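S.K.: Dropping a structure here in structure tokens format, bear with me for questions.
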Amino acid sequence: MGKQASYLFIFFISLGLFSGCFDEEPVQKIDFSKRVPAHYAQEEEDVITYAYLPQYSHAMSYQRHFPLLEYLRKETGLKIKQVFPDTFDEHMRMVGQGKIDISFSNPFVYVKIAQKYGSRAFAQVLEVYGRKNFRGQIICRADNQELRTLKDCKGKRWIAVDPSSAGGYLYPLKHFYDHGITRRDFSEIAFSPGPGGKQEKVVLAVYAGKYDIGSIREGTLNVVADKIDIGRIRVIAHSAWYPGWVYAFRKGLDVRSFEKLQETLLRLRYDHPDHRKILDAADIVGVVPSIDSEFDTIRDLITTLGTDLLERDRFSAQR
Amino acid sequence: MARIGEQKGKKQDDQTLQTVGWLPMRLGFRGKIYAGIISIVLLSGLLMAFSVRTVVSAALSRECKQRGVSLAVNLAARSEEAILAVDFLRMKNLIDEVVNLGPDISYAFIQDQKGQTLAHTFKGGFPIELETAHSIPDAKPHSLRLLDNGRELIYDIAAPVFVGSHRLGTARLGLSKTRIGATTRNLMLMIFLLTGISTLIAALVGAGFADRVIRMIKSLRQASEEALKGNLDVRTAPAPKKNCWEIKNCNRTSCPAFGNREIRCWYLVDKMCSEFPANGNRQSREACRKCPVRRRLLGDELHEFAESFDAMVMSLKNHIAQLQASEENLEKADKLASLGQLSAGVAHEINNPLGLILGYTQLLLKGKSKGQQRVEDLKTIEKHSRNCKRIVEALLNFARRTETKRAAVDINQTIREVLTLMRHQLELEGLRIETSLDESLPPVQGDSEKLKQVLMNLILNARQAITGPGEITLSSSYLPPEQKAMIRIHDTGSGIAPEFINKVFDPFFTTKPTGQGTGLGLSLSYGIVKEHGGELLVTSDPGKGSTFSVVLPLDVTTQLDRL
């Protein structure tokens, strides 16, 4: 009896000791000793780069234009790749460096890159309401009882999209000017931090109460409808209509490539079922031809706002 | 066949004698306690360790995998912007942040949709085999694979990076299974350490208890050995701090429990406390069990055992002493009876020839005138013959048992009557006679003449013990608890040597020179006192004197009257 108890004791101890040895997971052997330095593959040659001015997040930019690019690649046979500059300034810089061949931007940025780098407009998009133009919105929190009219915005803190944003800064600024309110009348003008998502960030900043008013392009509130209760945001005023977003090619782009792209782009029809999906994804209803002179109104606007526009450092908080 | 079976059984019995289970018999009690406690604690610890290890190991592994998956999925979600922007710095910051979350995260890297590594956390280059070791289809939210790099086991976790429904790339994370195992091992170590400490504490506590038990057992064993050797003056239980008379504020000094610090009161059968019925049977023991004194003073089983042992030894001692006394008395009585018979026989045989010698001597003397030598010689023969006759009469008296009368006897009166006869002679011899008589002494039942004989013998004995001036004191006292009377005769004589004190009541024993005593007086007195149901006792201080005590039961009718 004693011996049996001893054997039983030893058996249970051994069972406990070796229980951990029965591992059922399959294992794959990998040799970690074979190492290579960073080997990011070089860009393919003859790739046309396409960039969407980062008014929204990169993911948003990607989702909006991925079907369009797929269409362009398929139809033109060209290697087109979307690139994602983090800021408006970087977008313009990349155009100047030749890293962006096709720029899709607001007219304010277009005017700058046209002036600085010789880019030329070749198409404009039709916004969801079927117009080539678009406008900006001046917003505040719906529960802010002090802000009812434009004049109430004097002395308040203002967050804009970007110093180069049209609907998110330039157009609302002109609207303030037209109503006798200059930059100096605000206690603070800030710009949305990058990279990307700048339009959304304006709405979120006003929603959070960090700023009293914000300026966005019309349509942005729908973009953030899934993030916040947009019923808590009130539009104080709209700016005037100005030319909408524009496709421009960089100076020196291969003409044949450009012509193919232009022709394919302009072929998009909203009543075409396949094209509708592409256009809906991009939040536009069509693409129409455009030329540089159509943006003279923007140039006039800039001239009107003049040196005051350049004194952004004095009144604004850069990101 | 039966014989073989018997041999086998005997062999098994022998083996059992050598071992108890698997513990050798030679292992002492302390050793057995240690072995038992250590075995129990160790076994419990081991069982706990291994069961906890299994459970914890599985839970820990599961939790770590969950954590790894969460980190990989989170990394994938946060890296989409960086991948789109081909922002290597941002990607590097993201993966470095993940790896810094804990030492169990071995690596992290991000791949583009073609599987190219965009950023990684390896130092000294990227292990190329790892790039294609684990691929994840678009449909799966995450995937886990166990890799072995030769030094450790690593869970490689892959999570796809999506923008909407478009796959941008993959986030990969390495979670060290070996380090998870280290956590489990640390836990096991902690359990083993705690088991070890528990074993030590249990052993110490067990040792403390075992020591007490062993000490008590040793004490009992030594006491038993002493008792076997005949020494019954042993004590094993510690002396009680409190006693029953102190707890109950009792001052019944006559109670056997009062002042008795040797034996607990509940072991004594004739105690006088109010809760205890005097019949000493089972009800009495029940009464003691319920007594608050016992409940307060009772120790644990060992203590009780030791006290019970001490009580048993004391009881044995008393019984043995009583037995020895009874044996002595019986021996003495036998001796006396034998001697009596012998004496009667011899005396009877001698008496007749003596009578003839005396008769013829007197005949020869008749008609002879004094002065003649022959007449003087015959007178000498007559004198010594008369002496022999006296001795023979004494012997015959000793052997003859005369009937003892029974009546109420006033002891004090008896003493006075004896002193009336003897005082004068004693005072002439220079002896002072003192008395101290208890006038409240009730009568005893007995034969007053025989009692006088006893007193006279004792006084004569006292006189003979004193050489020169001295004192003889007679006292009487009443012993109410025992319902007895005591008579004391104290002398200031030479005393009795210790080697003779047990022989003084033996017949023919005398310290006087030859011819000065028969040596039968004290024997006769002893017998008379015994007939009265009493005791004759002697104490002596050699050189200072002796005291003879006669203890007699009181007259029954008087006792009843008193009740």
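As shown in the structure tokens, the chain order sets the letters A, B, ...; within each chain, residues go from 1, and ligands are also counted from 1 in the order they appear.
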As a list in words, please: all residues of segment 134-199 of chain A that backbone DSSP puts in strand (DSSP E or B).

M.R.: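 Matching residues for strand (DSSP E or B) in segment 134-199 of chain A are Phe134, Gly136, Gln137, Ile138, Ile139, Cys140, Arg141, Arg157, Trp158, Ile159, Ala160, Glu188, Ile189, Ala190 and Phe191 of chain A.
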
S.K.: Selection from above, N, CA and C atoms, as a PDB file, in the first residue's frame, can you write it?

M.R.:
ATOM      1  N   PHE A 134     -17.825  77.115 -56.356  1.00  0.00           N
ATOM      2  CA  PHE A 134     -18.168  76.682 -55.005  1.00  0.00           C
ATOM      3  C   PHE A 134     -17.942  77.858 -54.079  1.00  0.00           C
ATOM      4  N   GLY A 136     -17.420  79.273 -49.748  1.00  0.00           N
ATOM      5  CA  GLY A 136     -17.010  78.907 -48.388  1.00  0.00           C
ATOM      6  C   GLY A 136     -18.133  79.138 -47.389  1.00  0.00           C
ATOM      7  N   GLN A 137     -17.952  78.611 -46.199  1.00  0.00           N
ATOM      8  CA  GLN A 137     -18.941  78.792 -45.127  1.00  0.00           C
ATOM      9  C   GLN A 137     -18.223  79.271 -43.875  1.00  0.00           C
ATOM     10  N   ILE A 138     -18.914  80.197 -43.174  1.00  0.00           N
ATOM     11  CA  ILE A 138     -18.393  80.620 -41.866  1.00  0.00           C
ATOM     12  C   ILE A 138     -19.294  79.964 -40.820  1.00  0.00           C
ATOM     13  N   ILE A 139     -18.700  79.177 -39.947  1.00  0.00           N
ATOM     14  CA  ILE A 139     -19.493  78.369 -39.005  1.00  0.00           C
ATOM     15  C   ILE A 139     -19.169  78.719 -37.555  1.00  0.00           C
ATOM     16  N   CYS A 140     -20.125  78.362 -36.682  1.00  0.00           N
ATOM     17  CA  CYS A 140     -19.900  78.458 -35.232  1.00  0.00           C
ATOM     18  C   CYS A 140     -20.710  77.352 -34.576  1.00  0.00           C
ATOM     19  N   ARG A 141     -20.613  77.231 -33.258  1.00  0.00           N
ATOM     20  CA  ARG A 141     -21.410  76.231 -32.544  1.00  0.00           C
ATOM     21  C   ARG A 141     -22.832  76.701 -32.458  1.00  0.00           C
ATOM     22  N   ARG A 157     -12.151  84.346 -32.015  1.00  0.00           N
ATOM     23  CA  ARG A 157     -11.040  83.503 -32.455  1.00  0.00           C
ATOM     24  C   ARG A 157     -11.509  82.728 -33.671  1.00  0.00           C
ATOM     25  N   TRP A 158     -10.716  82.792 -34.742  1.00  0.00           N
ATOM     26  CA  TRP A 158     -11.118  82.224 -36.019  1.00  0.00           C
ATOM     27  C   TRP A 158     -10.115  81.148 -36.410  1.00  0.00           C
ATOM     28  N   ILE A 159     -10.633  79.934 -36.761  1.00  0.00           N
ATOM     29  CA  ILE A 159      -9.749  78.910 -37.320  1.00  0.00           C
ATOM     30  C   ILE A 159     -10.115  78.682 -38.772  1.00  0.00           C
ATOM     31  N   ALA A 160      -9.117  78.773 -39.631  1.00  0.00           N
ATOM     32  CA  ALA A 160      -9.305  78.569 -41.070  1.00  0.00           C
ATOM     33  C   ALA A 160      -8.579  77.298 -41.478  1.00  0.00           C
ATOM     34  N   GLU A 188      -7.757  86.301 -32.865  1.00  0.00           N
ATOM     35  CA  GLU A 188      -6.792  85.263 -33.282  1.00  0.00           C
ATOM     36  C   GLU A 188      -7.270  84.645 -34.573  1.00  0.00           C
ATOM     37  N   ILE A 189      -6.322  84.396 -35.500  1.00  0.00           N
ATOM     38  CA  ILE A 189      -6.624  83.597 -36.697  1.00  0.00           C
ATOM     39  C   ILE A 189      -5.652  82.431 -36.690  1.00  0.00           C
ATOM     40  N   ALA A 190      -6.194  81.227 -36.623  1.00  0.00           N
ATOM     41  CA  ALA A 190      -5.356  80.023 -36.619  1.00  0.00           C
ATOM     42  C   ALA A 190      -5.644  79.202 -37.849  1.00  0.00           C
ATOM     43  N   PHE A 191      -4.714  78.308 -38.174  1.00  0.00           N
ATOM     44  CA  PHE A 191      -4.899  77.424 -39.321  1.00  0.00           C
ATOM     45  C   PHE A 191      -4.824  75.978 -38.861  1.00  0.00           C
TER      46      PHE A 191
END

S.K.: Each residue of chain A lying at most 7 Å from chain B should get a row with its shortest atom-to-atom pair and the distance in Å to one decimal, counting only C-alpha atoms; could you produce that, ordered by chain and increasing number, as a tab-separated table?

M.R.:
residue	atom	partner	partner_atom	distance
A:Gly2	CA	B:Gly21	CA	4.5
A:Lys3	CA	B:Trp22	CA	7.0
A:Gly16	CA	B:Phe50	CA	5.3
A:Pro26	CA	B:Leu146	CA	6.8
A:Val27	CA	B:Leu146	CA	5.1
A:Gln28	CA	B:Leu147	CA	4.7
A:Lys29	CA	B:Asp148	CA	4.6
A:Ile30	CA	B:Asn149	CA	5.0
A:Asp31	CA	B:Asn149	CA	5.6
A:Phe32	CA	B:Pro127	CA	5.1
A:Ser33	CA	B:Pro127	CA	6.5
A:Lys34	CA	B:Pro127	CA	5.4
A:Arg35	CA	B:Pro127	CA	4.3
A:Val36	CA	B:Gly125	CA	5.0
A:Pro37	CA	B:Gly125	CA	4.7
A:Ala38	CA	B:Gly125	CA	7.0
A:Tyr40	CA	B:Leu118	CA	6.5
A:His58	CA	B:Glu81	CA	5.6
A:Ala59	CA	B:Val163	CA	5.9
A:Gln63	CA	B:Gly164	CA	6.6
A:Val83	CA	B:Ala85	CA	6.5
A:Phe84	CA	B:Ala85	CA	4.6
A:Pro85	CA	B:Ala85	CA	6.4

S.K.: Using the selection just defined, write its residues with C-alpha atoms as a PDB file, in the first residue's frame.

M.R.:
ATOM      1  CA  GLY A   2       2.795   2.340   0.891  1.00  0.00           C
ATOM      2  CA  LYS A   3       4.695   1.526  -2.288  1.00  0.00           C
ATOM      3  CA  GLY A  16       2.703  18.016 -13.484  1.00  0.00           C
ATOM      4  CA  PRO A  26       2.999  24.170 -35.129  1.00  0.00           C
ATOM      5  CA  VAL A  27       6.250  26.087 -35.431  1.00  0.00           C
ATOM      6  CA  GLN A  28       7.889  27.528 -38.532  1.00  0.00           C
ATOM      7  CA  LYS A  29      11.640  27.868 -38.536  1.00  0.00           C
ATOM      8  CA  ILE A  30      12.991  31.192 -39.785  1.00  0.00           C
ATOM      9  CA  ASP A  31      16.598  32.190 -40.170  1.00  0.00           C
ATOM     10  CA  PHE A  32      16.973  35.666 -38.735  1.00  0.00           C
ATOM     11  CA  SER A  33      20.650  35.808 -39.520  1.00  0.00           C
ATOM     12  CA  LYS A  34      20.185  36.546 -43.222  1.00  0.00           C
ATOM     13  CA  ARG A  35      19.806  40.294 -43.179  1.00  0.00           C
ATOM     14  CA  VAL A  36      19.429  42.864 -45.942  1.00  0.00           C
ATOM     15  CA  PRO A  37      19.636  46.656 -45.789  1.00  0.00           C
ATOM     16  CA  ALA A  38      16.572  48.800 -46.532  1.00  0.00           C
ATOM     17  CA  TYR A  40      12.552  49.923 -50.949  1.00  0.00           C
ATOM     18  CA  HIS A  58      -5.048  61.019 -46.990  1.00  0.00           C
ATOM     19  CA  ALA A  59      -7.457  58.148 -46.490  1.00  0.00           C
ATOM     20  CA  GLN A  63     -10.933  56.791 -51.234  1.00  0.00           C
ATOM     21  CA  VAL A  83       0.795  60.733 -54.145  1.00  0.00           C
ATOM     22  CA  PHE A  84      -0.147  62.350 -50.856  1.00  0.00           C
ATOM     23  CA  PRO A  85       1.479  65.592 -49.839  1.00  0.00           C
TER      24      PRO A  85
END

S.K.: What does the distance from atom CA of Ser274 of chain B to atom CA of Glu262 of chain B come to in Å, to one decimal?

M.R.: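 Straight-line distance from atom CA of Ser274 of chain B to atom CA of Glu262 of chain B works out to 21.5 Å.
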
S.K.: Near segment 459-470 of chain B, within 7 Å and counting only C-alpha atoms, which residues show up once chain neighbours fewer than 4 positions away are dropped, as a list in words?

M.R.: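 Surrounding residues, per the criterion: Gly430, Leu431, Arg432, Leu455, Asp491, Thr492, Gly493 and Ser494 of chain B.
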
S.K.: Just the selected residues (N, CA and C atoms), exported as a tab-separated table (two decimals), in the first residue's frame, please.

M.R.:
chain	number	residue	atom	x	y	z
B	430	GLY	N	11.63	10.44	91.11
B	430	GLY	CA	12.13	11.70	90.55
B	430	GLY	C	11.48	12.08	89.23
B	431	LEU	N	10.38	11.45	88.93
B	431	LEU	CA	9.71	11.75	87.64
B	431	LEU	C	8.54	12.70	87.86
B	432	ARG	N	8.41	13.64	86.96
B	432	ARG	CA	7.30	14.59	87.03
B	432	ARG	C	6.21	14.08	86.10
B	455	LEU	N	-2.34	1.32	79.44
B	455	LEU	CA	-1.78	2.57	79.95
B	455	LEU	C	-0.66	2.29	80.92
B	491	ASP	N	7.52	10.72	76.93
B	491	ASP	CA	8.57	10.70	77.95
B	491	ASP	C	9.77	11.46	77.46
B	492	THR	N	10.60	11.86	78.43
B	492	THR	CA	11.82	12.59	78.08
B	492	THR	C	13.01	11.68	78.27
B	493	GLY	N	12.82	10.41	77.84
B	493	GLY	CA	13.85	9.42	78.04
B	493	GLY	C	14.89	9.43	76.94
B	494	SER	N	15.52	8.29	76.79
B	494	SER	CA	16.65	8.19	75.84
B	494	SER	C	16.20	8.01	74.40

S.K.: Would you mind listing what lies within 8 Å of segment 234-243 of chain A as a PyMOL selection string, with only C-alpha atoms counted and same-chain residues fewer than 3 positions away left out?

M.R.: chain A and resi 107+132-142+147-150+171-172+174-175+231+294-295+297-298

S.K.: Save the residues we just selected, C-alpha atoms, as an mmCIF file, in the first residue's frame?

M.R.:
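Here's the written file result12.cif:
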data_model
loop_
_atom_site.group_PDB
_atom_site.id
_atom_site.type_symbol
_atom_site.label_atom_id
_atom_site.label_comp_id
_atom_site.auth_asym_id
_atom_site.auth_seq_id
_atom_site.Cartn_x
_atom_site.Cartn_y
_atom_site.Cartn_z
ATOM 1 C CA PRO A 107 -8.202 77.718 -57.433
ATOM 2 C CA LYS A 132 -18.253 74.865 -61.536
ATOM 3 C CA ASN A 133 -18.166 77.280 -58.650
ATOM 4 C CA PHE A 134 -18.168 76.682 -55.005
ATOM 5 C CA ARG A 135 -18.190 78.794 -51.909
ATOM 6 C CA GLY A 136 -17.010 78.907 -48.388
ATOM 7 C CA GLN A 137 -18.941 78.792 -45.127
ATOM 8 C CA ILE A 138 -18.393 80.620 -41.866
ATOM 9 C CA ILE A 139 -19.493 78.369 -39.005
ATOM 10 C CA CYS A 140 -19.900 78.458 -35.232
ATOM 11 C CA ARG A 141 -21.410 76.231 -32.544
ATOM 12 C CA ALA A 142 -25.183 76.165 -32.636
ATOM 13 C CA LEU A 147 -22.706 84.900 -32.864
ATOM 14 C CA ARG A 148 -25.676 85.719 -35.017
ATOM 15 C CA THR A 149 -24.297 88.021 -37.723
ATOM 16 C CA LEU A 150 -20.957 88.668 -39.311
ATOM 17 C CA TYR A 171 -13.369 83.266 -49.834
ATOM 18 C CA PRO A 172 -14.577 83.799 -46.268
ATOM 19 C CA LYS A 174 -13.069 88.319 -48.806
ATOM 20 C CA HIS A 175 -16.570 88.039 -47.421
ATOM 21 C CA GLY A 231 -26.776 69.698 -35.874
ATOM 22 C CA GLU A 294 -11.058 81.557 -65.850
ATOM 23 C CA PHE A 295 -9.151 82.105 -62.658
ATOM 24 C CA THR A 297 -11.231 86.481 -60.650
ATOM 25 C CA ILE A 298 -9.123 84.736 -58.067
#
